[in-house]
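Colleague: Quick one: this structure, given as structure tokens, is what I'll be asking you about.
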Amino acid sequence: MSRTTESGRRIVVVGASTGLGRSVAIALAQRGEHVALLARSKDKLDAAAAEAGNGAVAITCDVTDEQSVRDAVAEAARSLGGIDGVVYASGIGTLCRLEDLDSDTWLRTFSTNVIGANTVTAAALPHLQESRGVVTYFSSNSTSLTPPWPGLGSYLVSKAALDKLVEMWRAEHPQVGFTRVIVGPNGGGEGDAQSQFTAGWDMELAGELFPVWSARGCLSLEDGLVVIDDFVDILHTVLRLGASATIPTVAVTPRTPPPGVPPQDERVAVAADNAGQTA
């Protein structure tokens, strides 16, 4: 079956109830793709699907439950008439020093960030083989483009494992596209689509570690944030890539704003300036 259709790709977005996953799912649907939104929170999924429009469907799924994943992916395939692409956006990042991390936190992190990604891929594989489709996984600039971030050990280690998992899927099933998407600093969208990465963090510990991150070059106060539309542009290109090519890795990171522009989303700064001039 050809992946090129006039009616759009059939894409499953996992982790679509909040944050970057929600932003991506809504944007893809609004660009004409047929999208199934998967996550645990049914109420937030329903609201996201309604905002996305274009027949987007909301399907409850817990990536740490193998049967839940199988059922959800099967329902997505029935609803969409197949699967051309998968976006694995689920992920958690606990802020905690290594000596204070307990086994439950390690297991929960790996269950979501690594094992869940494998379970989803395995469930979708027959559909992706039929369509010669693409799977994209959200990695992090902190695993490959910056020094290690103290306090984010379980997150960084799990994302490093995810990177290797993507390589293994590519080695075993070269007819399917497997792409690691390195995600740089971004704020996501608005409301529930805002980044949820720091939700639940110990803000006192974050305050202690922030100057350490800055001193180590993990982050720069001069850098802006990637605009969500720019991020979706890149992701959309990967998902719509023809079956004869693959993109193993793509990194989407902020550009340093020009002199005089605050270290934030450059488009927001420009839009605000233009609004002030025309008010």
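Chain labels run A, B, ... following the order of the structure tokens; each chain numbers its residues from 1, and ligands are numbered from 1 in the order shown.
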What's the 9 Å shell around segment 35-50 of chain A, counting only C-alpha atoms, without same-chain residues fewer than 6 positions away, as a PyMOL selection string?
Modeller: chain A and resi 9-18+21-23+25-26+28-29+56-63+72-73+76-77+79-80+90+192-193
Colleague: Give me every strand (DSSP E) residue in segment 67-200 of chain A, going by DSSP on the backbone, as a JSON list (two decimals) with N, CA and C atoms, in the first residue's frame.
Modeller:
[["chain", "number", "residue", "atom", "x", "y", "z"],
["A", 85, "GLY", "N", 2.42, 6.43, 10.09],
["A", 85, "GLY", "CA", 3.43, 7.03, 10.93],
["A", 85, "GLY", "C", 3.06, 6.98, 12.39],
["A", 86, "VAL", "N", 4.07, 6.91, 13.24],
["A", 86, "VAL", "CA", 3.90, 6.94, 14.69],
["A", 86, "VAL", "C", 4.83, 7.99, 15.26],
["A", 87, "VAL", "N", 4.31, 8.78, 16.18],
["A", 87, "VAL", "CA", 5.11, 9.75, 16.92],
["A", 87, "VAL", "C", 5.09, 9.32, 18.38],
["A", 88, "TYR", "N", 6.24, 8.93, 18.91],
["A", 88, "TYR", "CA", 6.31, 8.54, 20.32],
["A", 88, "TYR", "C", 6.81, 9.74, 21.12],
["A", 134, "VAL", "N", 6.83, 5.22, 8.97],
["A", 134, "VAL", "CA", 7.89, 5.87, 9.74],
["A", 134, "VAL", "C", 7.49, 5.96, 11.21],
["A", 135, "VAL", "N", 8.45, 5.72, 12.09],
["A", 135, "VAL", "CA", 8.26, 5.96, 13.53],
["A", 135, "VAL", "C", 9.26, 7.03, 13.96],
["A", 136, "THR", "N", 8.80, 8.01, 14.70],
["A", 136, "THR", "CA", 9.69, 9.03, 15.25],
["A", 136, "THR", "C", 9.63, 8.98, 16.77],
["A", 137, "TYR", "N", 10.79, 9.15, 17.38],
["A", 137, "TYR", "CA", 10.90, 9.08, 18.84],
["A", 137, "TYR", "C", 11.54, 10.37, 19.33],
["A", 138, "PHE", "N", 10.96, 10.98, 20.36],
["A", 138, "PHE", "CA", 11.52, 12.23, 20.88],
["A", 138, "PHE", "C", 12.66, 11.92, 21.83],
["A", 139, "SER", "N", 13.85, 12.26, 21.39],
["A", 139, "SER", "CA", 15.04, 12.16, 22.23],
["A", 139, "SER", "C", 15.29, 13.55, 22.83],
["A", 140, "SER", "N", 16.49, 13.77, 23.35],
["A", 140, "SER", "CA", 16.78, 15.04, 24.01],
["A", 140, "SER", "C", 18.17, 15.52, 23.66],
["A", 177, "GLY", "N", 10.98, 3.13, 8.43],
["A", 177, "GLY", "CA", 11.79, 4.28, 8.83],
["A", 177, "GLY", "C", 11.75, 4.49, 10.33],
["A", 178, "PHE", "N", 12.90, 4.60, 10.96],
["A", 178, "PHE", "CA", 12.99, 4.86, 12.40],
["A", 178, "PHE", "C", 13.85, 6.11, 12.59],
["A", 179, "THR", "N", 13.27, 7.15, 13.13],
["A", 179, "THR", "CA", 13.96, 8.43, 13.25],
["A", 179, "THR", "C", 14.02, 8.90, 14.69],
["A", 180, "ARG", "N", 15.23, 9.22, 15.13],
["A", 180, "ARG", "CA", 15.42, 9.85, 16.43],
["A", 180, "ARG", "C", 15.34, 11.35, 16.25],
["A", 181, "VAL", "N", 14.40, 11.98, 16.92],
["A", 181, "VAL", "CA", 14.22, 13.43, 16.84],
["A", 181, "VAL", "C", 14.77, 14.05, 18.11],
["A", 182, "ILE", "N", 15.92, 14.72, 17.99],
["A", 182, "ILE", "CA", 16.54, 15.36, 19.15],
["A", 182, "ILE", "C", 15.83, 16.69, 19.38],
["A", 183, "VAL", "N", 15.20, 16.81, 20.53],
["A", 183, "VAL", "CA", 14.37, 17.97, 20.83],
["A", 183, "VAL", "C", 15.16, 18.95, 21.71]]
Colleague: Got a sec to tell me which of segment 116-148 of chain A DSSP assigns to alpha helix (DSSP H), as a list in words?
Modeller: Gly116, Ala117, Asn118, Thr119, Val120, Thr121, Ala122, Ala123, Ala124, Leu125, Pro126, His127, Leu128, Gln129, Glu130 and Ser131 of chain A
Colleague: So which one's closest to Glu99 of chain A, A:Gln30, A:Leu162, A:Trp201, A:Gly151? Using only C-alpha atoms, please.
Modeller: A:Gly151
Colleague: Give the answer as one residue: which of A:Arg78, A:His236, A:Arg97, A:Arg255 has the shortest atom-to-atom distance to Arg31 of chain A, using only C-alpha atoms?
Modeller: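 When distances to Arg31 of chain A are compared using only C-alpha atoms, the smallest one comes from A:His236.
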Colleague: Please indicate the distance in Å from atom CA of Leu98 of chain A to atom CA of Ser154 of chain A, rounded to one decimal place.
Modeller: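 Separating atom CA of Leu98 of chain A from atom CA of Ser154 of chain A is a distance of 7.7 Å.
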Colleague: Just how far from atom CA of Gly189 of chain A is atom CA of Asn54 of chain A, in Å to one decimal?
Modeller: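 Going from atom CA of Asn54 of chain A over to atom CA of Gly189 of chain A covers 19.2 Å.
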Colleague: Write out as a PyMOL selection string each polymer residue whose atoms come within 10 Å of Leu156 of chain A, counting only C-alpha atoms; drop sequence neighbours fewer than 4 positions from it.
Modeller: chain A and resi 93+139-144+148-152+160-162
Colleague: Create the file for the chosen residues now, containing N, CA and C atoms and written as a PDB file, in the first residue's frame.
Modeller:
ATOM      1  N   GLY A  93      10.610  12.974  33.215  1.00  0.00           N
ATOM      2  CA  GLY A  93      11.947  13.344  33.660  1.00  0.00           C
ATOM      3  C   GLY A  93      11.930  13.819  35.097  1.00  0.00           C
ATOM      4  N   SER A 139      13.855  12.256  21.386  1.00  0.00           N
ATOM      5  CA  SER A 139      15.040  12.160  22.226  1.00  0.00           C
ATOM      6  C   SER A 139      15.294  13.547  22.829  1.00  0.00           C
ATOM      7  N   SER A 140      16.487  13.772  23.348  1.00  0.00           N
ATOM      8  CA  SER A 140      16.776  15.041  24.011  1.00  0.00           C
ATOM      9  C   SER A 140      18.174  15.524  23.658  1.00  0.00           C
ATOM     10  N   ASN A 141      18.302  16.838  23.521  1.00  0.00           N
ATOM     11  CA  ASN A 141      19.634  17.398  23.276  1.00  0.00           C
ATOM     12  C   ASN A 141      20.568  17.121  24.446  1.00  0.00           C
ATOM     13  N   SER A 142      20.017  16.837  25.618  1.00  0.00           N
ATOM     14  CA  SER A 142      20.838  16.595  26.807  1.00  0.00           C
ATOM     15  C   SER A 142      21.572  15.260  26.753  1.00  0.00           C
ATOM     16  N   THR A 143      21.194  14.370  25.832  1.00  0.00           N
ATOM     17  CA  THR A 143      21.878  13.084  25.744  1.00  0.00           C
ATOM     18  C   THR A 143      23.014  13.080  24.736  1.00  0.00           C
ATOM     19  N   SER A 144      23.057  14.089  23.845  1.00  0.00           N
ATOM     20  CA  SER A 144      24.055  14.029  22.788  1.00  0.00           C
ATOM     21  C   SER A 144      24.670  15.368  22.410  1.00  0.00           C
ATOM     22  N   PRO A 148      26.322  16.313  30.441  1.00  0.00           N
ATOM     23  CA  PRO A 148      25.276  15.760  31.303  1.00  0.00           C
ATOM     24  C   PRO A 148      24.731  16.806  32.272  1.00  0.00           C
ATOM     25  N   TRP A 149      23.434  16.744  32.491  1.00  0.00           N
ATOM     26  CA  TRP A 149      22.763  17.678  33.411  1.00  0.00           C
ATOM     27  C   TRP A 149      22.660  17.029  34.787  1.00  0.00           C
ATOM     28  N   PRO A 150      23.415  17.484  35.786  1.00  0.00           N
ATOM     29  CA  PRO A 150      23.253  16.934  37.131  1.00  0.00           C
ATOM     30  C   PRO A 150      21.805  17.052  37.599  1.00  0.00           C
ATOM     31  N   GLY A 151      21.308  16.006  38.227  1.00  0.00           N
ATOM     32  CA  GLY A 151      19.944  16.001  38.727  1.00  0.00           C
ATOM     33  C   GLY A 151      18.949  15.340  37.795  1.00  0.00           C
ATOM     34  N   LEU A 152      19.351  15.090  36.539  1.00  0.00           N
ATOM     35  CA  LEU A 152      18.445  14.466  35.574  1.00  0.00           C
ATOM     36  C   LEU A 152      18.977  13.105  35.122  1.00  0.00           C
ATOM     37  N   ALA A 160      19.260   7.885  26.568  1.00  0.00           N
ATOM     38  CA  ALA A 160      20.389   7.235  25.901  1.00  0.00           C
ATOM     39  C   ALA A 160      20.012   5.810  25.500  1.00  0.00           C
ATOM     40  N   ALA A 161      19.283   5.131  26.374  1.00  0.00           N
ATOM     41  CA  ALA A 161      18.812   3.785  26.044  1.00  0.00           C
ATOM     42  C   ALA A 161      17.814   3.832  24.886  1.00  0.00           C
ATOM     43  N   LEU A 162      16.954   4.842  24.875  1.00  0.00           N
ATOM     44  CA  LEU A 162      16.001   5.001  23.768  1.00  0.00           C
ATOM     45  C   LEU A 162      16.738   5.182  22.443  1.00  0.00           C
TER      46      LEU A 162
END
